[in-house]
file coords19.txt (compact mmCIF, C-alpha atoms)
# COMPACT_ATOMS: atom_id res chain seq x y z
CA MET K 20 31.44 64.00 101.33
CA HIS K 21 34.96 62.77 101.07
CA ARG K 22 37.53 65.11 102.39
CA LEU K 23 41.24 65.04 101.89
CA GLY K 24 42.77 63.78 105.12
CA GLY K 25 39.52 62.04 106.09
CA VAL K 26 37.37 62.90 109.05
CA GLY K 27 37.38 62.25 112.70
CA ILE K 28 40.20 62.02 115.21
CA ALA K 29 42.38 59.92 112.88
CA ALA K 30 42.77 62.94 110.60
CA PHE K 31 44.79 64.78 113.26
CA ASP K 32 47.20 61.90 113.61
CA ARG K 33 47.62 61.57 109.92
CA GLN K 34 48.34 65.30 109.53
CA LYS K 35 50.92 65.20 112.28
CA LEU K 36 52.59 62.27 110.61
CA SER K 37 52.80 63.93 107.23
CA THR K 38 54.17 67.18 108.73
CA GLN K 39 56.88 65.14 110.38
CA SER K 40 57.88 63.39 107.23
CA TYR K 41 57.88 66.67 105.32
CA ALA K 42 60.26 68.16 107.88
CA GLN K 43 62.47 65.13 107.66
CA LEU K 44 62.55 65.32 103.93
CA SER K 45 63.40 69.00 103.95
CA ASN K 46 66.21 68.42 106.46
CA GLN K 47 67.57 65.73 104.27
CA LEU K 48 67.33 67.90 101.23
CA SER K 49 69.15 70.88 102.75
CA LYS K 50 71.82 68.59 104.14
CA THR K 51 72.56 67.18 100.73
CA GLN K 52 72.51 70.67 99.35
CA ILE K 53 75.03 71.88 101.89
CA ASP K 54 77.21 68.84 101.35
CA ASN K 55 77.01 69.38 97.69
CA LEU K 56 77.89 73.03 98.03
CA GLN K 57 80.79 72.27 100.31
CA ALA K 58 82.11 69.72 97.88
CA GLN K 59 81.79 72.22 95.09
CA LEU K 60 83.51 74.89 97.09
CA THR K 61 86.39 72.58 97.93
CA LEU K 62 86.66 71.64 94.32
CA PHE K 63 86.53 75.27 93.29
CA ARG K 64 89.16 76.22 95.79
CA GLU K 65 91.37 73.40 94.67
CA SER K 66 91.08 74.21 91.03
CA LEU K 67 91.60 77.90 91.70
CA LEU K 68 94.72 77.04 93.65
CA ARG K 69 95.90 74.71 90.92
CA PHE K 70 95.22 77.43 88.40
CA ALA K 71 97.08 79.94 90.52
CA SER K 72 100.12 77.76 90.97
CA THR K 73 100.36 76.70 87.34
CA HIS K 74 99.99 80.24 86.17
CA ARG K 75 101.96 81.88 88.96
CA GLU K 76 104.70 83.04 86.63
CA ASP K 77 102.21 84.43 84.13
CA ILE K 78 100.37 86.25 86.87
CA ARG K 79 103.57 87.86 88.07
CA LYS K 80 105.03 88.67 84.68
CA ASP K 81 102.17 89.49 82.38
CA PRO K 82 100.10 92.54 83.31
CA ASN K 83 97.22 91.57 81.01
CA PHE K 84 97.00 88.12 82.51
CA ARG K 85 97.25 89.59 85.99
CA HIS K 86 94.49 92.00 85.22
CA ALA K 87 92.23 89.21 83.92
CA PHE K 88 93.01 87.13 86.98
CA GLN K 89 92.25 89.93 89.38
CA GLN K 90 89.09 90.70 87.45
CA MET K 91 88.01 87.09 87.83
CA CYS K 92 88.81 87.13 91.54
CA SER K 93 86.81 90.25 92.18
CA ASN K 94 83.88 88.89 90.14
CA ILE K 95 83.63 85.86 92.38
CA GLY K 96 84.33 87.90 95.48
CA VAL K 97 87.81 86.63 96.31
CA ASP K 98 90.56 89.05 97.23
CA PRO K 99 93.94 87.64 96.22
CA LEU K 100 95.53 89.46 99.12
CA ALA K 101 92.99 88.83 101.83
CA GLY K 102 92.87 85.82 104.10
CA PRO K 103 92.95 84.72 107.69
CA ARG K 104 96.69 84.37 107.93
CA LYS K 105 99.34 87.03 107.47
CA GLY K 106 99.20 87.84 103.80
CA GLY K 107 96.41 85.28 103.36
CA TRP K 108 96.52 81.67 102.17
CA TRP K 109 95.65 83.00 98.83
CA ALA K 110 98.58 85.39 98.72
CA GLU K 111 100.83 82.58 99.90
CA ALA K 112 99.61 80.23 97.22
CA LEU K 113 100.32 82.83 94.63
CA ASP K 114 103.35 84.56 96.07
CA LEU K 115 101.45 87.59 94.97
CA GLY K 116 101.67 89.06 98.45
CA ASP K 117 105.43 89.39 98.25
CA TRP K 118 105.18 90.68 94.74
CA GLN K 119 102.71 93.31 95.81
CA TYR K 120 104.78 94.36 98.82
CA GLU K 121 107.91 94.54 96.74
CA LEU K 122 106.16 96.87 94.34
CA GLY K 123 104.98 98.83 97.37
CA VAL K 124 108.55 99.31 98.52
CA GLN K 125 109.55 100.50 95.08
CA ILE K 126 106.68 102.96 95.04
CA VAL K 127 107.80 104.36 98.38
CA ASP K 128 111.33 104.60 97.00
CA VAL K 129 110.28 106.61 93.95
CA CYS K 130 107.89 108.82 95.92
CA VAL K 131 110.40 109.64 98.63
CA SER K 132 113.30 110.30 96.30
CA SER K 133 111.25 112.54 94.02
CA ARG K 134 109.56 114.30 96.91
CA GLU K 135 112.02 117.14 97.19
CA ARG K 136 111.36 118.24 93.66
CA ASN K 137 107.62 117.59 93.43
CA GLY K 138 106.49 118.32 96.96
CA GLY K 139 105.15 114.82 97.54
CA LEU K 140 102.83 114.62 94.59
CA ILE K 141 103.54 112.54 91.55
CA GLU K 142 101.52 111.90 88.45
CA MET K 143 100.41 108.29 87.98
CA ASN K 144 101.84 107.85 84.46
CA GLU K 145 105.14 109.31 85.58
CA LEU K 146 105.24 106.98 88.57
CA VAL K 147 104.51 103.94 86.41
CA ARG K 148 107.17 105.08 83.93
CA ILE K 149 109.85 105.43 86.61
CA LEU K 150 108.83 102.17 88.28
CA THR K 151 109.08 100.32 84.99
CA LYS K 152 112.56 101.75 84.47
CA LEU K 153 113.56 100.87 88.01
CA ARG K 154 112.34 97.28 87.83
CA GLY K 155 113.95 96.53 84.53
CA LEU K 156 112.54 94.26 81.86
CA GLU K 157 112.98 90.99 83.70
CA ALA K 158 110.51 91.78 86.44
CA GLY K 159 107.77 92.18 83.86
CA ALA K 160 105.61 95.17 83.08
CA ILE K 161 103.37 96.81 85.63
CA THR K 162 100.19 98.76 85.19
CA GLU K 163 98.40 101.57 86.91
CA GLU K 164 96.07 99.00 88.46
CA ASP K 165 99.01 97.23 90.12
CA VAL K 166 100.20 100.51 91.57
CA VAL K 167 96.77 101.32 92.95
CA ARG K 168 96.62 97.87 94.53
CA SER K 169 100.05 98.18 96.09
CA ILE K 170 99.23 101.57 97.50
CA LYS K 171 96.23 100.00 99.21
CA THR K 172 98.55 97.53 100.89
CA LEU K 173 100.60 100.48 102.16
CA LYS K 174 97.60 101.95 103.93
CA PRO K 175 98.17 100.22 107.31
CA LEU K 176 101.54 102.01 107.51
CA GLY K 177 99.69 105.27 107.89
CA ALA K 178 102.21 107.16 105.83
CA GLY K 179 99.45 108.89 103.93
CA TYR K 180 100.01 107.26 100.56
CA GLU K 181 96.92 107.83 98.53
CA VAL K 182 95.72 107.91 94.96
CA ILE K 183 93.84 111.09 94.25
CA GLU K 184 91.96 112.09 91.17
CA VAL K 185 92.24 115.64 89.99
CA ASP K 186 89.90 117.50 87.69
CA GLY K 187 89.78 115.90 84.29
CA GLY K 188 90.27 112.36 85.55
CA LYS K 189 94.06 112.41 85.87
CA LYS K 190 95.35 110.30 88.74
CA MET K 191 98.10 111.41 91.06
CA VAL K 192 99.80 109.69 93.96
CA ARG K 193 100.25 111.70 97.11
CA SER K 194 102.97 110.63 99.49
CA VAL K 195 102.67 113.25 102.19
CA VAL K 196 99.92 113.71 104.71
CA LYS K 197 98.69 116.93 103.29
CA GLN K 198 95.17 117.81 102.41
CA LEU K 199 94.79 119.29 98.97
CA ASP K 200 92.04 121.85 98.94
CA GLN K 201 89.56 122.14 96.13
CA ASP K 202 91.36 125.04 94.45
CA GLN K 203 94.71 123.27 94.47
CA THR K 204 93.18 120.26 92.77
CA ILE K 205 91.89 122.55 90.03
CA VAL K 206 95.29 124.24 89.66
CA LEU K 207 96.92 120.83 89.32
CA ALA K 208 94.45 119.84 86.64
CA VAL K 209 95.03 123.05 84.68
CA ALA K 210 98.78 122.63 84.99
CA GLN K 211 98.51 119.10 83.71
CA THR K 212 96.75 120.13 80.56
CA HIS K 213 99.51 122.70 79.89
CA GLY K 214 102.53 120.52 80.49
CA GLY K 215 103.04 121.69 84.06
CA ARG K 216 102.70 125.39 83.37
CA VAL K 217 100.09 127.57 85.03
CA ASP K 218 99.56 131.27 85.69
CA GLU K 219 96.91 133.54 87.12
CA GLN K 220 95.45 134.49 83.76
CA MET K 221 95.00 130.85 82.78
CA LEU K 222 92.88 130.25 85.87
CA VAL K 223 90.86 133.40 85.32
CA ARG K 224 90.29 132.50 81.68
CA GLU K 225 89.66 128.79 81.94
CA LYS K 226 88.00 128.48 85.32
CA GLY K 227 86.33 131.85 85.70
CA TRP K 228 88.20 132.60 88.91
CA THR K 229 88.81 136.10 90.19
CA GLU K 230 92.43 137.23 90.08
CA ALA K 231 92.55 137.31 93.86
CA ARG K 232 91.44 133.70 94.13
CA ALA K 233 93.95 132.60 91.49
CA GLN K 234 96.72 134.49 93.20
CA ALA K 235 95.89 133.09 96.63
CA ALA K 236 95.77 129.50 95.37
CA LEU K 237 99.08 129.82 93.54
CA GLN K 238 100.82 131.56 96.42
CA ASN K 239 99.69 128.85 98.81
CA MET K 240 101.00 126.12 96.55
CA LEU K 241 104.26 127.99 96.07
CA LEU K 242 105.05 129.20 99.56
CA ARG K 243 103.18 126.94 101.94
CA ASP K 244 103.23 123.56 100.23
CA GLY K 245 106.15 123.69 97.81
CA LEU K 246 104.00 122.04 95.16
CA CYS K 247 104.98 124.44 92.41
CA TRP K 248 107.99 126.46 91.34
CA LEU K 249 108.19 130.10 90.42
CA ASP K 250 109.41 131.23 86.99
CA GLU K 251 110.00 134.95 86.52
CA GLN K 252 111.17 134.68 82.94
CA GLY K 253 107.95 134.09 81.03
CA GLU K 254 107.38 135.87 77.72
CA GLY K 255 107.58 139.59 78.36
CA ASN K 256 108.90 138.99 81.87
CA THR K 257 105.61 137.59 83.10
CA VAL K 258 105.46 135.42 86.19
CA LEU K 259 104.66 131.76 85.64
CA TYR K 260 104.26 128.81 87.94
CA TRP K 261 105.32 125.28 87.13
CA VAL K 262 104.07 122.12 88.78
CA PRO K 263 107.01 119.70 88.74
CA SER K 264 104.76 116.70 89.35
CA ALA K 265 103.12 117.39 86.00
CA MET K 266 106.43 117.40 84.15
CA GLN K 267 108.27 114.35 82.88
CA TRP K 268 111.77 114.01 84.29
CA ASP K 269 114.70 111.90 83.36
CA PRO K 270 116.53 110.70 86.43
CA MET P 9 106.09 118.75 79.27
CA THR P 10 109.04 116.43 78.95
CA LEU P 11 112.38 117.67 80.13
CA PRO P 12 115.03 116.35 77.78
CA MET P 13 118.67 115.94 78.66
CA HIS P 14 120.90 117.84 76.25
CA THR P 15 124.43 117.37 75.02
CA THR P 16 126.21 120.68 74.56
CA SER P 17 128.67 121.54 71.78
CA THR P 18 131.54 120.78 74.16
CA GLY P 19 130.08 117.32 74.76
CA PHE P 20 128.70 117.87 78.24
CA LEU P 21 125.41 116.14 79.07
CA LEU P 22 123.11 118.63 80.75
CA PRO P 23 120.66 117.05 83.19
CA SER P 24 116.96 117.07 82.59
CA ILE P 25 116.33 119.76 85.19
CA HIS P 26 118.29 122.22 83.06
CA SER P 27 115.33 122.16 80.66
CA ALA P 28 112.88 123.15 83.40
CA PRO P 29 112.08 126.87 83.06
CA PRO P 30 111.71 127.55 86.82
CA PHE P 31 115.19 126.11 87.47
CA PHE P 32 116.59 129.54 86.61
CA THR P 33 114.47 131.60 89.01
CA GLN P 34 115.40 132.02 92.66
CA GLN P 35 112.59 130.42 94.67
CA PRO P 36 110.76 132.15 97.52
CA ASN P 37 110.10 128.81 99.24
CA PRO P 38 113.28 127.98 101.23
CA ALA P 39 112.83 124.21 100.93
CA THR P 40 112.38 124.44 97.17
CA GLN P 41 115.37 126.76 96.84
CA ALA P 42 117.50 124.34 98.87
CA THR P 43 116.68 121.63 96.33
CA LEU P 44 117.49 123.99 93.48
CA THR P 45 120.77 125.09 95.04
CA GLU P 46 121.79 121.48 95.41
CA TYR P 47 121.04 120.76 91.74
CA TRP P 48 122.93 123.89 90.65
CA THR P 49 125.92 123.06 92.85
CA LYS P 50 126.12 119.58 91.40
CA LEU P 51 125.77 120.90 87.87
CA ILE P 52 128.39 123.64 88.31
CA LEU P 53 130.94 121.30 89.85
CA SER P 54 130.48 118.55 87.31
CA TYR P 55 130.71 121.02 84.42
CA ALA P 56 133.82 122.57 85.97
CA ARG P 57 135.38 119.13 86.30
CA PHE P 58 134.40 118.25 82.73
CA ARG P 59 136.00 121.38 81.29
CA ARG P 60 138.68 121.81 83.96
CA LEU P 61 137.39 125.23 84.93
CA PHE P 62 138.55 126.61 88.25
CA THR P 63 136.90 130.00 88.41
CA LEU P 64 133.28 131.10 88.40
CA ARG P 65 132.32 134.77 88.49
CA VAL P 66 128.96 136.47 88.93
CA GLU P 67 130.02 138.28 85.77
CA ASP P 68 129.68 135.03 83.85
CA ALA P 69 125.91 135.36 84.22
CA GLU P 70 125.98 139.00 83.11
CA THR P 71 127.92 138.70 79.87
CA THR P 72 127.91 136.20 77.04
CA GLY P 73 130.85 134.52 75.37
CA GLY P 74 132.41 133.10 78.54
CA ASP P 75 133.19 129.52 79.46
CA TRP P 76 129.96 129.12 81.41
CA ASP P 77 127.37 130.04 78.77
CA GLU P 78 126.25 126.46 78.18
CA VAL P 79 125.33 126.04 81.80
CA LEU P 80 124.15 129.47 82.87
CA ARG P 81 121.89 129.84 79.85
CA ASN P 82 119.36 127.67 78.10
CA PRO P 83 118.47 129.29 74.78
CA ARG P 84 116.21 126.33 73.92
CA ILE P 85 113.71 127.47 76.52
CA ASN P 86 114.85 131.08 76.55
CA ARG P 87 115.98 131.14 80.16
CA LYS P 88 119.17 132.32 81.86
CA LEU P 89 120.46 132.40 85.39
CA PRO P 90 120.13 135.95 86.76
CA PRO P 91 123.35 137.27 88.37
CA SER P 92 121.64 137.64 91.75
CA HIS P 93 120.65 133.98 91.72
CA LEU P 94 124.19 132.96 90.75
CA GLN P 95 125.53 135.13 93.54
CA TYR P 96 123.29 133.29 96.00
CA ILE P 97 124.33 129.86 94.73
CA ILE P 98 128.00 130.85 94.92
CA SER P 99 127.60 131.99 98.51
CA GLN P 100 125.94 128.69 99.41
CA MET P 101 128.80 126.78 97.81
CA VAL P 102 131.29 128.76 99.87
CA THR P 103 129.30 127.97 103.02
CA LYS P 104 129.49 124.28 102.19
CA ASP P 105 133.27 124.46 101.51
CA LEU P 106 132.79 123.51 97.90
CA ALA P 107 134.32 126.80 96.77
CA VAL P 108 136.29 129.72 98.21
CA HIS P 109 136.24 133.38 97.42
CA GLU P 110 139.19 134.08 95.19
CA PRO P 111 140.68 136.58 95.55
CA ALA P 112 139.66 136.92 99.20
CA LYS P 113 137.62 139.85 100.50
CA GLN P 114 135.14 139.96 97.65
CA THR P 115 132.13 137.81 96.84
CA ARG P 116 131.80 137.98 93.08
CA SER P 117 134.34 135.37 92.12
CA VAL P 118 135.14 131.92 93.47
CA LEU P 119 137.65 129.15 93.08
CA LEU P 120 135.73 125.92 92.63
CA TYR P 121 136.59 122.80 94.55
CA TRP P 122 135.44 120.08 92.16
CA ARG P 123 138.17 118.24 93.97
CA LEU P 124 138.67 119.12 97.59
CA PRO P 125 142.18 120.38 98.51
CA GLU P 126 142.73 117.10 100.38
CA GLU P 127 141.93 115.18 97.21
CA TRP P 128 144.24 117.42 95.17
CA ALA P 129 146.99 116.71 97.72
CA GLU P 130 146.76 113.00 96.95
CA VAL P 131 146.71 113.66 93.21
CA LEU P 132 149.76 115.91 93.48
CA HIS P 133 151.80 113.52 95.58
CA GLU P 134 150.84 110.60 93.37
CA TRP P 135 151.90 112.57 90.30
CA ALA P 136 155.23 113.56 91.87
CA SER P 137 156.11 110.01 92.83
CA SER P 138 154.92 108.40 89.61
CA THR P 139 156.95 110.82 87.50
CA GLY P 140 160.07 110.37 89.63
CA GLN P 141 160.12 113.86 91.08
CA LEU P 142 160.53 112.87 94.72
CA ASN P 143 163.38 114.55 96.57
CA THR P 144 164.04 117.05 93.80
CA ILE P 145 163.21 120.69 94.12
CA MET P 146 160.49 121.91 91.78
CA THR P 147 159.08 125.35 91.16
CA PHE P 148 155.32 125.91 91.25
CA TYR P 149 155.46 126.73 87.57
CA GLU P 150 156.95 123.34 86.76
CA ILE P 151 154.03 121.68 88.50
CA VAL P 152 151.18 123.55 86.88
CA GLU P 153 152.76 123.86 83.45
CA PRO P 154 154.45 120.51 83.01
CA PRO P 155 155.88 119.62 79.58
CA ILE P 156 153.60 116.59 79.51
CA PRO P 157 150.05 117.63 80.41
CA SER P 158 148.95 116.17 83.72
CA GLU P 159 146.00 116.25 86.07
CA LEU P 160 147.59 119.31 87.58
CA SER P 161 147.99 121.36 84.42
CA SER P 162 146.72 124.92 84.88
CA LEU P 163 145.91 124.36 88.56
CA PRO P 164 145.65 127.86 90.08
CA ILE P 165 148.75 128.76 92.12
CA SER P 166 146.64 129.77 95.12
CA LEU P 167 145.09 126.30 95.19
CA LEU P 168 148.48 124.66 94.66
CA LYS P 169 149.85 126.49 97.71
CA LYS P 170 146.97 125.24 99.84
CA VAL P 171 147.50 121.71 98.61
CA ILE P 172 151.23 121.83 99.38
CA VAL P 173 150.48 123.03 102.91
CA ILE P 174 148.33 119.94 103.37
CA LEU P 175 151.22 117.74 102.21
CA THR P 176 153.71 119.46 104.54
CA LYS P 177 151.47 118.61 107.47
CA THR P 178 151.99 114.91 106.80
CA ALA P 179 155.67 115.45 106.03
CA ARG P 180 155.23 114.61 102.39
CA ALA P 181 156.42 117.97 101.09
CA GLN P 182 158.73 120.79 102.08
CA VAL P 183 158.44 124.37 100.95
CA ILE P 184 161.80 125.72 99.92
CA ALA P 185 162.87 129.23 98.93
CA VAL P 186 164.39 129.24 95.47
CA ALA P 187 166.00 132.03 93.50
CA ASP P 188 162.86 133.29 91.78
CA GLY P 189 160.30 132.66 94.49
CA GLU P 190 159.14 129.46 96.10
CA GLY P 191 159.74 125.83 95.34
CA VAL P 192 158.76 122.55 96.81
CA ARG P 193 160.41 119.23 97.51
CA PHE P 194 158.21 116.15 97.65
CA LEU P 195 159.11 113.40 100.07
CA PRO P 196 157.97 109.81 100.06
CA GLY P 197 155.46 108.99 102.72
CA THR P 198 152.09 107.46 103.27
CA PRO P 199 148.83 109.38 103.42
CA GLY P 200 146.87 109.86 106.56
CA ARG P 201 149.73 109.79 109.01
call {"tool": "encode", "arguments": {"input": "coords19.txt", "output": "structure tokens"}}
result
Amino acid sequence: MHRLGGVGIAAFDRQKLSTQSYAQLSNQLSKTQIDNLQAQLTLFRESLLRFASTHREDIRKDPNFRHAFQQMCSNIGVDPLAGPRKGGWWAEALDLGDWQYELGVQIVDVCVSSRERNGGLIEMNELVRILTKLRGLEAGAITEEDVVRSIKTLKPLGAGYEVIEVDGGKKMVRSVVKQLDQDQTIVLAVAQTHGGRVDEQMLVREKGWTEARAQAALQNMLLRDGLCWLDEQGEGNTVLYWVPSAMQWDP
Amino acid sequence: MTLPMHTTSTGFLLPSIHSAPPFFTQQPNPATQATLTEYWTKLILSYARFRRLFTLRVEDAETTGGDWDEVLRNPRINRKLPPSHLQYIISQMVTKDLAVHEPAKQTRSVLLYWRLPEEWAEVLHEWASSTGQLNTIMTFYEIVEPPIPSELSSLPISLLKKVIVILTKTARAQVIAVADGEGVRFLPGTPGR
């Protein structure tokens, strides 16, 4: 009977030989693969860089383009701001780091200067609106996404800047280290759907709260946190509360 | 809600906060009230400057038809400044030397310093020298009721006296007794001596 690999002592030698050549072949194969991959990666990096530098202006000026670019980066797992060096080679190539930090500074500016009237809480749309006004037309439009990104870059400062989402999906930016409790978040959401206005009865009616709970939440926001303002001149001399961060102000 | 700015019938541009309903209520939170007081102070002084008003009374918040209606009331949102809140704002303005009780020894009426007395002193001296009145004796009446309207027209006499005292301290004015009361002689000189 003829067996593959033959019989006798020679078979062992032959097997050893073929195992060796298999290993060699596989080494060779993975080496070419790695080389290939490296070449591809270099090429990719180069073309991405070339893309970034040719479209730098577009990226900085056009929010739609910037969004698409950032989308692309996150799809392939590249963070335009991350990198080994300060700001990252990527950020340097793009100048996007500076752009982002500049926006960060403007966000801090708006948050701090509006803090006394809104208690350190500002609605996202309002923030974007003021920022756009502040930056003027030449700097190009900015979007909510840009603001969220910039706020992330502010995190290492530890100033407590944070984007929070209140009931109903509205985003707000908080610029003070202050924990909002669950009830306050709900009050903010209710106020937002009524143009900043809120009262005890609204909370009882819409959220099924007891009067005591509504009163406690509103008093805390009013007295302890300064997040809302009192209004004693509602219809029929009722007491109302207004959340300034849910109102749209002209400077 | 959006808070629109509003131009009144006298042409004054009310700031956006004037359309915020809680702006008119005195706030229990001291930090919030401090912000409010600051906004009110700014508003009152700029309106006073705009209309050349020198006096503000608590009464102005109690009755209608006065000079201050446009500011102390907002009929568009059906709010008005309660007299007690106005009284508080007035007292804060006095504390910050932006107003003085006038007459003295009461707290319901103030003279507003939309220009500080020191600033009025410069205005007065500048006016006297530019109109060639240096070294002549003038009565107070001639200053506040000049034939050609000036920056100083209808300046309250009590404020004028204060301003002249400031000028005498730098030797730029001399108070002189004249037949029917007091007069003043302005002297050339440089400010800040």
call {"tool": "interface_residues", "arguments": {"input": "coords19.txt", "of": "chain K", "to": "chain P", "cutoff": "12 Å", "atoms": "only C-alpha atoms", "output": "number ranges by chain"}}
result
K: 132-138, 145, 210-217, 238-256, 258-270
call {"tool": "residues_around", "arguments": {"input": "coords19.txt", "residues": "stretch 119-123 of chain K", "least_positions_apart": "3", "cutoff": "8 Å", "atoms": "only C-alpha atoms", "output": "number ranges by chain"}}
result
K: 115-116, 126-127, 165-166, 168-170, 172-173
call {"tool": "write_last_selection", "arguments": {"input": "coords19.txt", "atoms": "C-alpha atoms", "output": "PDB file, keeping the file's coordinate frame"}}
result
ATOM      1  CA  LEU K 115     101.450  87.590  94.970  1.00  0.00           C
ATOM      2  CA  GLY K 116     101.670  89.060  98.450  1.00  0.00           C
ATOM      3  CA  ILE K 126     106.680 102.960  95.040  1.00  0.00           C
ATOM      4  CA  VAL K 127     107.800 104.360  98.380  1.00  0.00           C
ATOM      5  CA  ASP K 165      99.010  97.230  90.120  1.00  0.00           C
ATOM      6  CA  VAL K 166     100.200 100.510  91.570  1.00  0.00           C
ATOM      7  CA  ARG K 168      96.620  97.870  94.530  1.00  0.00           C
ATOM      8  CA  SER K 169     100.050  98.180  96.090  1.00  0.00           C
ATOM      9  CA  ILE K 170      99.230 101.570  97.500  1.00  0.00           C
ATOM     10  CA  THR K 172      98.550  97.530 100.890  1.00  0.00           C
ATOM     11  CA  LEU K 173     100.600 100.480 102.160  1.00  0.00           C
TER      12      LEU K 173
END
call {"tool": "closest_residue", "arguments": {"input": "coords19.txt", "among": "K:Lys197, K:Lys190, K:Lys80, K:Lys35", "to": "K:Val147", "atoms": "all atoms listed in the file"}}
result
K:Lys190
call {"tool": "closest_residue", "arguments": {"input": "coords19.txt", "among": "K:Leu44, K:Ala30, K:Leu146, K:Ala160", "to": "K:His86", "atoms": "all atoms listed in the file"}}
result
K:Ala160
call {"tool": "residues_near_point", "arguments": {"input": "coords19.txt", "point": "(124.7, 135.1, 95.6)", "cutoff": "12 Å", "atoms": "all atoms listed in the file", "output": "compact mmCIF listing (two decimals) with C-alpha atoms, keeping the file's coordinate frame"}}
result
# COMPACT_ATOMS: atom_id res chain seq x y z
CA GLN P 34 115.40 132.02 92.66
CA THR P 45 120.77 125.09 95.04
CA LEU P 64 133.28 131.10 88.40
CA ARG P 65 132.32 134.77 88.49
CA VAL P 66 128.96 136.47 88.93
CA GLU P 67 130.02 138.28 85.77
CA ALA P 69 125.91 135.36 84.22
CA LEU P 89 120.46 132.40 85.39
CA PRO P 90 120.13 135.95 86.76
CA PRO P 91 123.35 137.27 88.37
CA SER P 92 121.64 137.64 91.75
CA HIS P 93 120.65 133.98 91.72
CA LEU P 94 124.19 132.96 90.75
CA GLN P 95 125.53 135.13 93.54
CA TYR P 96 123.29 133.29 96.00
CA ILE P 97 124.33 129.86 94.73
CA ILE P 98 128.00 130.85 94.92
CA SER P 99 127.60 131.99 98.51
CA GLN P 100 125.94 128.69 99.41
CA MET P 101 128.80 126.78 97.81
CA VAL P 102 131.29 128.76 99.87
CA THR P 103 129.30 127.97 103.02
CA HIS P 109 136.24 133.38 97.42
CA GLN P 114 135.14 139.96 97.65
CA THR P 115 132.13 137.81 96.84
CA ARG P 116 131.80 137.98 93.08
CA SER P 117 134.34 135.37 92.12
CA VAL P 118 135.14 131.92 93.47
call {"tool": "axis_aligned_box", "arguments": {"input": "coords19.txt", "around": "stretch 79-84 of chain K", "padding_each_side": "8 Å", "output": "lines of an AutoDock Vina configuration file"}}
result
center_x = 101.0
center_y = 90.2
center_z = 84.5
size_x = 24.0
size_y = 20.7
size_z = 23.1
call {"tool": "residues_near_point", "arguments": {"input": "coords19.txt", "point": "(149.9, 124.9, 87.8)", "cutoff": "12 Å", "atoms": "all atoms listed in the file", "output": "list of chain:residue names"}}
result
P:Phe62, P:Trp128, P:Leu132, P:Met146, P:Thr147, P:Phe148, P:Tyr149, P:Glu150, P:Ile151, P:Val152, P:Glu153, P:Pro154, P:Pro155, P:Pro157, P:Ser158, P:Glu159, P:Leu160, P:Ser161, P:Ser162, P:Leu163, P:Pro164, P:Ile165, P:Ser166, P:Leu167, P:Leu168, P:Lys169, P:Val171
call {"tool": "build_atoms", "arguments": {"input": "coords19.txt", "residues": "stretch 96-107 of chain P", "atoms": "N, CA and C atoms", "output": "PDB file, keeping the file's coordinate frame"}}
result
ATOM      1  N   TYR P  96     123.808 134.055  94.874  1.00  0.00           N
ATOM      2  CA  TYR P  96     123.290 133.290  96.000  1.00  0.00           C
ATOM      3  C   TYR P  96     123.846 131.860  95.992  1.00  0.00           C
ATOM      4  N   ILE P  97     123.829 131.240  94.823  1.00  0.00           N
ATOM      5  CA  ILE P  97     124.330 129.860  94.730  1.00  0.00           C
ATOM      6  C   ILE P  97     125.802 129.797  95.102  1.00  0.00           C
ATOM      7  N   ILE P  98     126.569 130.785  94.598  1.00  0.00           N
ATOM      8  CA  ILE P  98     128.000 130.850  94.920  1.00  0.00           C
ATOM      9  C   ILE P  98     128.208 130.943  96.428  1.00  0.00           C
ATOM     10  N   SER P  99     127.421 131.813  97.066  1.00  0.00           N
ATOM     11  CA  SER P  99     127.600 131.990  98.510  1.00  0.00           C
ATOM     12  C   SER P  99     127.282 130.693  99.259  1.00  0.00           C
ATOM     13  N   GLN P 100     126.274 129.969  98.783  1.00  0.00           N
ATOM     14  CA  GLN P 100     125.940 128.690  99.410  1.00  0.00           C
ATOM     15  C   GLN P 100     127.062 127.665  99.234  1.00  0.00           C
ATOM     16  N   MET P 101     127.697 127.706  98.063  1.00  0.00           N
ATOM     17  CA  MET P 101     128.800 126.780  97.810  1.00  0.00           C
ATOM     18  C   MET P 101     129.980 127.081  98.722  1.00  0.00           C
ATOM     19  N   VAL P 102     130.204 128.371  98.963  1.00  0.00           N
ATOM     20  CA  VAL P 102     131.290 128.760  99.870  1.00  0.00           C
ATOM     21  C   VAL P 102     130.977 128.272 101.286  1.00  0.00           C
ATOM     22  N   THR P 103     129.706 128.424 101.694  1.00  0.00           N
ATOM     23  CA  THR P 103     129.300 127.970 103.020  1.00  0.00           C
ATOM     24  C   THR P 103     129.545 126.475 103.197  1.00  0.00           C
ATOM     25  N   LYS P 104     129.332 125.728 102.095  1.00  0.00           N
ATOM     26  CA  LYS P 104     129.490 124.280 102.190  1.00  0.00           C
ATOM     27  C   LYS P 104     130.917 123.828 101.885  1.00  0.00           C
ATOM     28  N   ASP P 105     131.857 124.777 101.795  1.00  0.00           N
ATOM     29  CA  ASP P 105     133.270 124.460 101.510  1.00  0.00           C
ATOM     30  C   ASP P 105     133.470 123.769 100.162  1.00  0.00           C
ATOM     31  N   LEU P 106     132.604 124.083  99.226  1.00  0.00           N
ATOM     32  CA  LEU P 106     132.790 123.510  97.900  1.00  0.00           C
ATOM     33  C   LEU P 106     133.421 124.543  96.960  1.00  0.00           C
ATOM     34  N   ALA P 107     133.669 125.731  97.517  1.00  0.00           N
ATOM     35  CA  ALA P 107     134.320 126.800  96.770  1.00  0.00           C
ATOM     36  C   ALA P 107     134.848 127.809  97.775  1.00  0.00           C
TER      37      ALA P 107
END
